[in-house]
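Notes follow the structure.
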Amino acid sequence: MTHMLRRWLVVQLLLRGEPRYNKRRMSAELYDVAIIGGGPAGSTAATLLARTGRRVIVFEKEKFPRFHIGESLLPSLMPTFDRLGVREQLDRTFMPKYGGEIAAACGGRQAKFYFKDGFNAKQDRAYQVTRSIFDELLLNQSRASGAEVHEETIVNELSLGERSVVLETVSAAGRKTITASYLIDCSGRQTVVGNFCHLKRSYQHLQKFSIFAHYENVDRPSGIDGTLIRMVRGLDRWFWMIPLTPTRMSIGVVMDTKVFRALKLSPEEALTKCIEEQPVVTERMTHAERVSPVYAAGDYSYRNVQLHGDRWLLAGDAAGFIDPVFSSGVYLAVLSGEKAADTLEQVLREPHRRRKLFQSYERSFNSVLKMYLSFVNSWYSGREFMEVFLNPTDILQIAPAVNALLAGNASNSFPVRWRMWLFYFFVRAQRYIPFSPRLTLTPTKAEGSALTNEPVTA
Ligand SMILES: Cc1cc2nc3c(=O)[nH]c(=O)nc-3n(C[C@H](O)[C@H](O)[C@H](O)COP(=O)(O)OP(=O)(O)OC[C@H]3O[C@@H](n4cnc5c(N)ncnc54)[C@H](O)[C@@H]3O)c2cc1C
């Protein structure tokens, strides 16, 4: 009882911004930064802050390695991987990814893009990763850099004060309360702070359902083209095919949640049926064998109306998640984890600049999210996206600009932005005036077998 009362008093004092609690106790428990979640956003922030000598603690509810979706990365992360000191390990562990290919489900039309051809490209490759291994590697780097990492520990209560934050955690060892000057919420789609503060808003037009699994022995081209992510676009669904190792491939399908419900099938049955109906997918799956359970994720697109408070920042999916289509999730997670760490490092040195630095963090992350939201909206706007994308034009370097966005190489780049506006204009105009040939995006026998046509290169 006395213990409960003392803890209640400590929390009340912290919330009032009056740090008059027991100094000895606090010095044992006060961290510069607490991080909820040890995914790519959390581990990136933890490594960078710990390396500057800050006292950092990470709480991760799972025991790594654990399955996670989000396997295809973007090349603009390479400099951050260098900064984290993991580049060589990543090179040794994962398949490179030199670009992608987008194919129409009606067959015969596809476009490949290689990152090296992107507008102002600085990197020619990214990685295709098995997330369980990738996330563990990054979290181990946080530990090696000096962060205190607690796995199998859930943050289940929060007090967000004006001068500090208090977290209550639960693990096999019991309940624990810690205090930190700042908090970064990197809890992914659990959005601990977003839910706690009622900041979360869904993108109603992007309520999608994804079903996915790993397969062995899916056919793929040899050489560099065998490393590309392949996306197959149908009328009301699209598929990803991501090569993870020389023999293993991640395959998934995405559709409107209401389309999935109308199928009245289990995720496993739906995945099998959706694949069987797409000749452009099955043509590579003659010898394929599913080697993982079937996973599903739904209604995952949202944003938070605020990305910072007095003592906290949101990063990665905990800040917002748009859609898996352009593989931007891990890019945005690592980018925001890095920016959050740099922002807090500066704030810890110059506390009087906190408000401005937090606002600037929120503005810059929101502007990148907005760029991907426009791109995603265009993708789902109808067949016209595919009709324009599969007929790339050399005019004004629009295709390299689209390629740059697909590589994550576009944040704050005005030359890319105005070219993207033109691309969106062409997609809209295509609805009324067919500059490019029309596509059905519906598999038919004749169209489906036309895949031998020469590919178009974006
Ligand atoms: C269907 C689908 C396909 C996708 N494909 C891609 C892709 O190809 N490429 C790509 O880049 N992205 C992809 N993404 C997005 C990608 O999965 C995420 O954007 C990325 O994992 C975000 O990283 P994060 O660190 O923010 O969150 P996460 O990786 O989700 O990590 C959050 C961590 O927080 C922990 N946690 C949550 N709550 C608590 C708590 N209360 N206490 C302690 N720990 C907690 C979780 O256990 C988790 O480990 C896809 C997403 C979906 C839904």
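A note on labels: chains of the structure tokens are A, B, ... as shown, every chain counts residues from 1, and ligands are counted from 1 in their shown order.
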Q) Got a sec: who's within 9 Å of Val325 of chain A, counting only C-alpha atoms, leaving out chain neighbours fewer than 4 positions off, as a VMD selection string? A) chain A and resid 231 238 240 254 376 379
Save the residues we just selected, N, CA and C atoms, as an mmCIF file, in the first residue's frame?
data_model
loop_
_atom_site.group_PDB
_atom_site.id
_atom_site.type_symbol
_atom_site.label_atom_id
_atom_site.label_comp_id
_atom_site.auth_asym_id
_atom_site.auth_seq_id
_atom_site.Cartn_x
_atom_site.Cartn_y
_atom_site.Cartn_z
ATOM 1 N N MET A 231 5.431 -6.828 -58.936
ATOM 2 C CA MET A 231 4.064 -6.540 -58.547
ATOM 3 C C MET A 231 3.150 -6.807 -59.724
ATOM 4 N N TRP A 238 -3.947 -6.534 -56.052
ATOM 5 C CA TRP A 238 -2.595 -6.619 -56.611
ATOM 6 C C TRP A 238 -1.769 -7.595 -55.773
ATOM 7 N N TRP A 240 2.239 -9.063 -54.587
ATOM 8 C CA TRP A 240 3.688 -8.852 -54.560
ATOM 9 C C TRP A 240 4.388 -10.197 -54.610
ATOM 10 N N VAL A 254 -3.244 -8.074 -52.033
ATOM 11 C CA VAL A 254 -3.885 -6.958 -51.318
ATOM 12 C C VAL A 254 -5.173 -6.600 -52.038
ATOM 13 N N VAL A 376 0.236 6.663 -53.566
ATOM 14 C CA VAL A 376 -0.657 5.530 -53.291
ATOM 15 C C VAL A 376 -2.064 5.835 -53.818
ATOM 16 N N TRP A 379 -2.132 5.235 -57.453
ATOM 17 C CA TRP A 379 -2.109 3.789 -57.758
ATOM 18 C C TRP A 379 -3.508 3.182 -57.679
#
(Q) Taking the DSSP secondary structure from the backbone, can you list the residues of segment 242-278 of chain A that are alpha helix (DSSP H), as a PyMOL selection string? (A) chain A and resi 257-263+267-276
Based on the selection just made, write N, CA and C atoms of those residues as a short mmCIF file (atom, residue, chain, number, x, y, z; two decimals), in the first residue's frame.
data_model
loop_
_atom_site.label_atom_id
_atom_site.label_comp_id
_atom_site.auth_asym_id
_atom_site.auth_seq_id
_atom_site.Cartn_x
_atom_site.Cartn_y
_atom_site.Cartn_z
N THR A 257 -10.88 -4.38 -48.07
CA THR A 257 -11.39 -5.25 -47.00
C THR A 257 -12.76 -5.80 -47.38
N LYS A 258 -13.58 -4.96 -48.02
CA LYS A 258 -14.93 -5.45 -48.36
C LYS A 258 -14.88 -6.53 -49.46
N VAL A 259 -13.90 -6.47 -50.33
CA VAL A 259 -13.75 -7.53 -51.35
C VAL A 259 -13.38 -8.84 -50.66
N PHE A 260 -12.46 -8.75 -49.68
CA PHE A 260 -12.07 -9.97 -48.96
C PHE A 260 -13.29 -10.56 -48.25
N ARG A 261 -14.06 -9.69 -47.58
CA ARG A 261 -15.23 -10.20 -46.83
C ARG A 261 -16.21 -10.88 -47.77
N ALA A 262 -16.37 -10.30 -48.97
CA ALA A 262 -17.34 -10.85 -49.93
C ALA A 262 -16.90 -12.24 -50.41
N LEU A 263 -15.59 -12.53 -50.34
CA LEU A 263 -15.12 -13.86 -50.77
C LEU A 263 -15.65 -14.96 -49.85
N PRO A 267 -8.42 -16.73 -44.78
CA PRO A 267 -7.25 -16.15 -45.46
C PRO A 267 -6.50 -17.19 -46.31
N GLU A 268 -6.35 -18.40 -45.76
CA GLU A 268 -5.60 -19.43 -46.49
C GLU A 268 -6.31 -19.80 -47.80
N GLU A 269 -7.62 -19.99 -47.71
CA GLU A 269 -8.37 -20.34 -48.93
C GLU A 269 -8.35 -19.17 -49.91
N ALA A 270 -8.48 -17.96 -49.38
CA ALA A 270 -8.52 -16.78 -50.25
C ALA A 270 -7.19 -16.60 -50.99
N LEU A 271 -6.07 -16.81 -50.27
CA LEU A 271 -4.76 -16.64 -50.92
C LEU A 271 -4.62 -17.66 -52.06
N THR A 272 -4.97 -18.91 -51.79
CA THR A 272 -4.86 -19.95 -52.82
C THR A 272 -5.73 -19.59 -54.02
N LYS A 273 -6.97 -19.18 -53.76
CA LYS A 273 -7.90 -18.88 -54.85
C LYS A 273 -7.40 -17.68 -55.66
N CYS A 274 -6.98 -16.63 -54.95
CA CYS A 274 -6.54 -15.41 -55.65
C CYS A 274 -5.34 -15.73 -56.56
N ILE A 275 -4.40 -16.53 -56.05
CA ILE A 275 -3.22 -16.87 -56.86
C ILE A 275 -3.66 -17.70 -58.08
N GLU A 276 -4.50 -18.69 -57.83
CA GLU A 276 -4.92 -19.59 -58.93
C GLU A 276 -5.60 -18.82 -60.07
#
Q.
Calculated over only C-alpha atoms and all ligand atoms, which of the candidates A:Ser328, A:Ser202, A:Thr245, A:Gln141 has the smallest distance to ligand 1?
A. A:Ser328
Q) Which of these, A:Val330, A:Ala341, A:Ala297, A:Ala173, has the shortest distance to Pro75 of chain A once you count only C-alpha atoms? A)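 Of A:Val330, A:Ala341, A:Ala297, A:Ala173, the one nearest Pro75 of chain A is A:Val330, counting only C-alpha atoms.
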Q | Those in segment 131-371 of chain A with strand (DSSP E or B) from DSSP, as JSON, numbers by chain | A | {"A": [148, 149, 150, 154, 155, 156, 157, 158, 159, 160, 165, 166, 167, 168, 169, 170, 171, 174, 175, 176, 177, 178, 179, 180, 181, 182, 183, 184, 185, 200, 201, 202, 208, 209, 210, 211, 212, 213, 214, 215, 216, 229, 230, 231, 232, 233, 237, 238, 239, 240, 241, 242, 243, 248, 249, 250, 251, 252, 253, 254, 255, 256, 289, 290, 295, 296, 297, 298, 302, 303, 304, 308, 312, 313, 314, 320, 321]}
Q.
Which residues are near Thr191 of chain A? Cut-off 7 Å, only C-alpha atoms, ignore same chain within fewer than 4 positions. Put them as a ChimeraX atom specification.
A. /A:187,195,318
(Q) So that I can see what lies close to Arg311 of chain A, please list as a ChimeraX atom specification the residues with an atom at most 10 Å from it, counting only C-alpha atoms and leaving out residues fewer than 5 positions away in the same chain. (A) /A:33,160-165,180-184,344,354-355,358
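For the choices A:Phe239, A:Tyr98, A:Phe113, A:Phe212, the atom-to-atom distance to ligand 1 is smallest for A:Phe212 when using only C-alpha atoms and all ligand atoms.
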Q: For Ala147 of chain A, list every protein, DNA or RNA residue within 12 Å, evaluated using only C-alpha atoms, and leave out those in the same chain fewer than 4 positions away; present the list as a PyMOL selection string.
A: chain A and resi 31-35+38+42-59+138-143
Take the residues from that selection and put them in a file with N, CA, C and O atoms, as a CSV table (one decimal), in the first residue's frame.
chain,number,residue,atom,x,y,z
A,31,TYR,N,16.1,7.8,-17.4
A,31,TYR,CA,16.8,7.6,-18.7
A,31,TYR,C,16.6,8.9,-19.5
A,31,TYR,O,15.7,9.6,-19.3
A,32,ASP,N,17.6,9.1,-20.4
A,32,ASP,CA,17.4,10.2,-21.3
A,32,ASP,C,16.2,10.0,-22.2
A,32,ASP,O,15.4,10.8,-22.4
A,33,VAL,N,16.2,8.8,-22.8
A,33,VAL,CA,15.2,8.5,-23.8
A,33,VAL,C,14.7,7.0,-23.6
A,33,VAL,O,15.5,6.1,-23.5
A,34,ALA,N,13.4,6.9,-23.5
A,34,ALA,CA,12.8,5.5,-23.5
A,34,ALA,C,12.1,5.3,-24.9
A,34,ALA,O,11.6,6.3,-25.5
A,35,ILE,N,12.2,4.1,-25.4
A,35,ILE,CA,11.7,3.8,-26.7
A,35,ILE,C,10.7,2.6,-26.5
A,35,ILE,O,11.1,1.6,-26.0
A,38,GLY,N,11.0,-2.4,-30.6
A,38,GLY,CA,12.4,-2.7,-31.1
A,38,GLY,C,12.4,-3.0,-32.6
A,38,GLY,O,13.3,-3.7,-33.0
A,42,GLY,N,12.5,1.8,-33.9
A,42,GLY,CA,13.0,1.8,-32.5
A,42,GLY,C,14.5,1.5,-32.4
A,42,GLY,O,15.3,2.2,-31.7
A,43,SER,N,15.0,0.5,-33.1
A,43,SER,CA,16.4,0.1,-33.0
A,43,SER,C,17.3,1.2,-33.7
A,43,SER,O,18.4,1.5,-33.2
A,44,THR,N,16.8,1.8,-34.8
A,44,THR,CA,17.6,2.9,-35.4
A,44,THR,C,17.8,4.0,-34.4
A,44,THR,O,18.9,4.5,-34.2
A,45,ALA,N,16.7,4.5,-33.8
A,45,ALA,CA,16.7,5.6,-32.9
A,45,ALA,C,17.6,5.2,-31.7
A,45,ALA,O,18.5,6.0,-31.2
A,46,ALA,N,17.5,4.0,-31.2
A,46,ALA,CA,18.2,3.6,-30.0
A,46,ALA,C,19.7,3.5,-30.3
A,46,ALA,O,20.5,4.1,-29.5
A,47,THR,N,20.1,3.0,-31.4
A,47,THR,CA,21.6,2.9,-31.7
A,47,THR,C,22.2,4.3,-31.8
A,47,THR,O,23.2,4.6,-31.3
A,48,LEU,N,21.5,5.2,-32.5
A,48,LEU,CA,22.1,6.5,-32.8
A,48,LEU,C,22.2,7.3,-31.5
A,48,LEU,O,23.2,8.0,-31.2
A,49,LEU,N,21.1,7.2,-30.6
A,49,LEU,CA,21.2,8.0,-29.4
A,49,LEU,C,22.2,7.4,-28.4
A,49,LEU,O,23.0,8.1,-27.8
A,50,ALA,N,22.3,6.0,-28.4
A,50,ALA,CA,23.2,5.4,-27.4
A,50,ALA,C,24.7,5.7,-27.9
A,50,ALA,O,25.5,5.9,-27.0
A,51,ARG,N,24.9,5.8,-29.2
A,51,ARG,CA,26.2,6.1,-29.6
A,51,ARG,C,26.7,7.6,-29.3
A,51,ARG,O,27.9,7.8,-29.3
A,52,THR,N,25.7,8.4,-29.0
A,52,THR,CA,26.2,9.8,-28.6
A,52,THR,C,26.3,9.8,-27.0
A,52,THR,O,26.5,10.9,-26.5
A,53,GLY,N,26.2,8.7,-26.4
A,53,GLY,CA,26.4,8.6,-25.0
A,53,GLY,C,25.1,8.8,-24.1
A,53,GLY,O,25.2,8.9,-22.9
A,54,ARG,N,24.0,8.8,-24.8
A,54,ARG,CA,22.7,9.0,-24.0
A,54,ARG,C,22.3,7.7,-23.4
A,54,ARG,O,22.6,6.6,-23.9
A,55,ARG,N,21.6,7.9,-22.3
A,55,ARG,CA,21.1,6.7,-21.6
A,55,ARG,C,19.7,6.3,-22.2
A,55,ARG,O,18.7,7.0,-22.0
A,56,VAL,N,19.7,5.2,-22.9
A,56,VAL,CA,18.5,4.8,-23.7
A,56,VAL,C,18.0,3.5,-23.2
A,56,VAL,O,18.8,2.5,-23.0
A,57,ILE,N,16.7,3.3,-23.1
A,57,ILE,CA,16.1,2.0,-22.8
A,57,ILE,C,15.0,1.7,-23.8
A,57,ILE,O,14.3,2.6,-24.2
A,58,VAL,N,15.1,0.4,-24.3
A,58,VAL,CA,14.1,0.0,-25.3
A,58,VAL,C,13.3,-1.1,-24.8
A,58,VAL,O,13.8,-2.1,-24.2
A,59,PHE,N,11.9,-1.0,-24.9
A,59,PHE,CA,11.0,-2.1,-24.5
A,59,PHE,C,10.4,-2.7,-25.7
A,59,PHE,O,9.8,-2.0,-26.6
A,138,LEU,N,19.4,-5.5,-36.3
A,138,LEU,CA,19.4,-4.1,-36.0
A,138,LEU,C,19.3,-3.9,-34.5
A,138,LEU,O,19.9,-3.0,-33.9
A,139,LEU,N,18.5,-4.8,-33.8
A,139,LEU,CA,18.3,-4.6,-32.4
A,139,LEU,C,19.6,-5.0,-31.6
A,139,LEU,O,19.9,-4.4,-30.6
A,140,ASN,N,20.3,-6.0,-32.1
A,140,ASN,CA,21.6,-6.4,-31.5
A,140,ASN,C,22.5,-5.2,-31.6
A,140,ASN,O,23.4,-5.0,-30.8
A,141,GLN,N,22.4,-4.5,-32.8
A,141,GLN,CA,23.3,-3.4,-32.9
A,141,GLN,C,23.0,-2.3,-31.9
A,141,GLN,O,23.9,-1.6,-31.4
A,142,SER,N,21.8,-2.1,-31.5
A,142,SER,CA,21.4,-1.2,-30.5
A,142,SER,C,22.1,-1.6,-29.2
A,142,SER,O,22.6,-0.8,-28.4
A,143,ARG,N,22.0,-2.9,-28.8
A,143,ARG,CA,22.6,-3.4,-27.6
A,143,ARG,C,24.1,-3.1,-27.6
A,143,ARG,O,24.7,-2.6,-26.7
Q.
Nearest residue to ligand 1 out of A:Tyr331, A:Phe375, A:Tyr302, A:Phe426, using only C-alpha atoms and all ligand atoms?
A.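 Closest residue, counting only C-alpha atoms and all ligand atoms: A:Tyr331.
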(Q) For a quick check of understanding, using only C-alpha atoms and all ligand atoms, which of A:Ala333, A:Ala104, A:Leu313, A:Val129 has the smallest distance to ligand 1? (A)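 Checking each of A:Ala333, A:Ala104, A:Leu313, A:Val129 against ligand 1, counting only C-alpha atoms and all ligand atoms, the winner is A:Ala333.
Closest approach to ligand 1 among A:Ala296, A:Val281, A:Leu422, A:Leu307: A:Ala296, based on only C-alpha atoms and all ligand atoms.
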**Q.** Nearby residues (only C-alpha atoms) at most 8 Å from Ala319 of chain A, same-chain spacing under 3 positions excluded, as a list in words
**A.** Cys186, Gly188, Thr191, Gly194, Arg303, Asn304, Leu307, Leu314, Ala315 and Gly316 of chain A
Q | For atom CA of Leu405 of chain A and atom 19 (O, counted along the ligand's line) of ligand 1, the interatomic separation in Å (one decimal) | A | 16.1 Å
Q. Atom CA of Gly408 of chain A to atom CA of Leu335 of chain A: how many Å, to one decimal?
A.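 According to the coordinates, atom CA of Gly408 of chain A and atom CA of Leu335 of chain A are separated by 9.9 Å.
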(Q) At a cut-off of 10 Å, using only C-alpha atoms, what residues contact Phe389 of chain A? Leave out same-chain residues fewer than 5 positions from it and give the result as a list in words. (A)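 After dropping sequence-adjacent residues, the list is Ile102, Ala103, Gln110, Ala111, Trp379, Glu384, Ala399, Val402, Phe423, Phe426, Val427, Ser436, Val456 and Ala458 of chain A.
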Expected file contents, prior selection, N, CA and C atoms, as a compact mmCIF listing (two decimals), in the first residue's frame:
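So the final result, stored in again03.txt, reads:
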# COMPACT_ATOMS: atom_id res chain seq x y z
N ILE A 102 6.62 -4.02 -62.58
CA ILE A 102 5.17 -3.97 -62.37
C ILE A 102 4.51 -4.51 -63.62
N ALA A 103 3.65 -5.52 -63.41
CA ALA A 103 3.03 -6.20 -64.56
C ALA A 103 1.52 -6.10 -64.47
N GLN A 110 4.37 -5.16 -69.02
CA GLN A 110 5.08 -5.01 -67.76
C GLN A 110 6.17 -3.98 -67.93
N ALA A 111 6.55 -3.34 -66.84
CA ALA A 111 7.65 -2.38 -66.90
C ALA A 111 8.62 -2.68 -65.77
N TRP A 379 -2.13 5.23 -57.45
CA TRP A 379 -2.11 3.79 -57.76
C TRP A 379 -3.51 3.18 -57.68
N GLU A 384 -5.90 3.68 -64.90
CA GLU A 384 -5.08 4.67 -65.62
C GLU A 384 -3.64 4.73 -65.11
N ALA A 399 9.74 9.67 -65.96
CA ALA A 399 9.98 8.28 -65.53
C ALA A 399 11.09 8.19 -64.48
N VAL A 402 9.60 9.22 -61.13
CA VAL A 402 8.77 8.17 -60.53
C VAL A 402 9.69 7.10 -59.91
N PHE A 423 3.14 13.64 -63.61
CA PHE A 423 2.75 12.23 -63.73
C PHE A 423 1.29 12.06 -63.29
N PHE A 426 -1.06 13.30 -65.90
CA PHE A 426 -1.25 12.37 -67.02
C PHE A 426 -2.17 11.21 -66.63
N VAL A 427 -2.02 10.73 -65.37
CA VAL A 427 -2.87 9.63 -64.92
C VAL A 427 -4.33 10.09 -64.94
N SER A 436 -2.27 6.53 -73.66
CA SER A 436 -1.65 5.21 -73.66
C SER A 436 -2.71 4.16 -73.92
N VAL A 456 8.50 -3.58 -71.34
CA VAL A 456 8.77 -2.14 -71.49
C VAL A 456 9.68 -1.75 -70.34
N ALA A 458 11.02 1.10 -67.78
CA ALA A 458 10.71 2.47 -67.31
C ALA A 458 12.00 3.25 -67.12
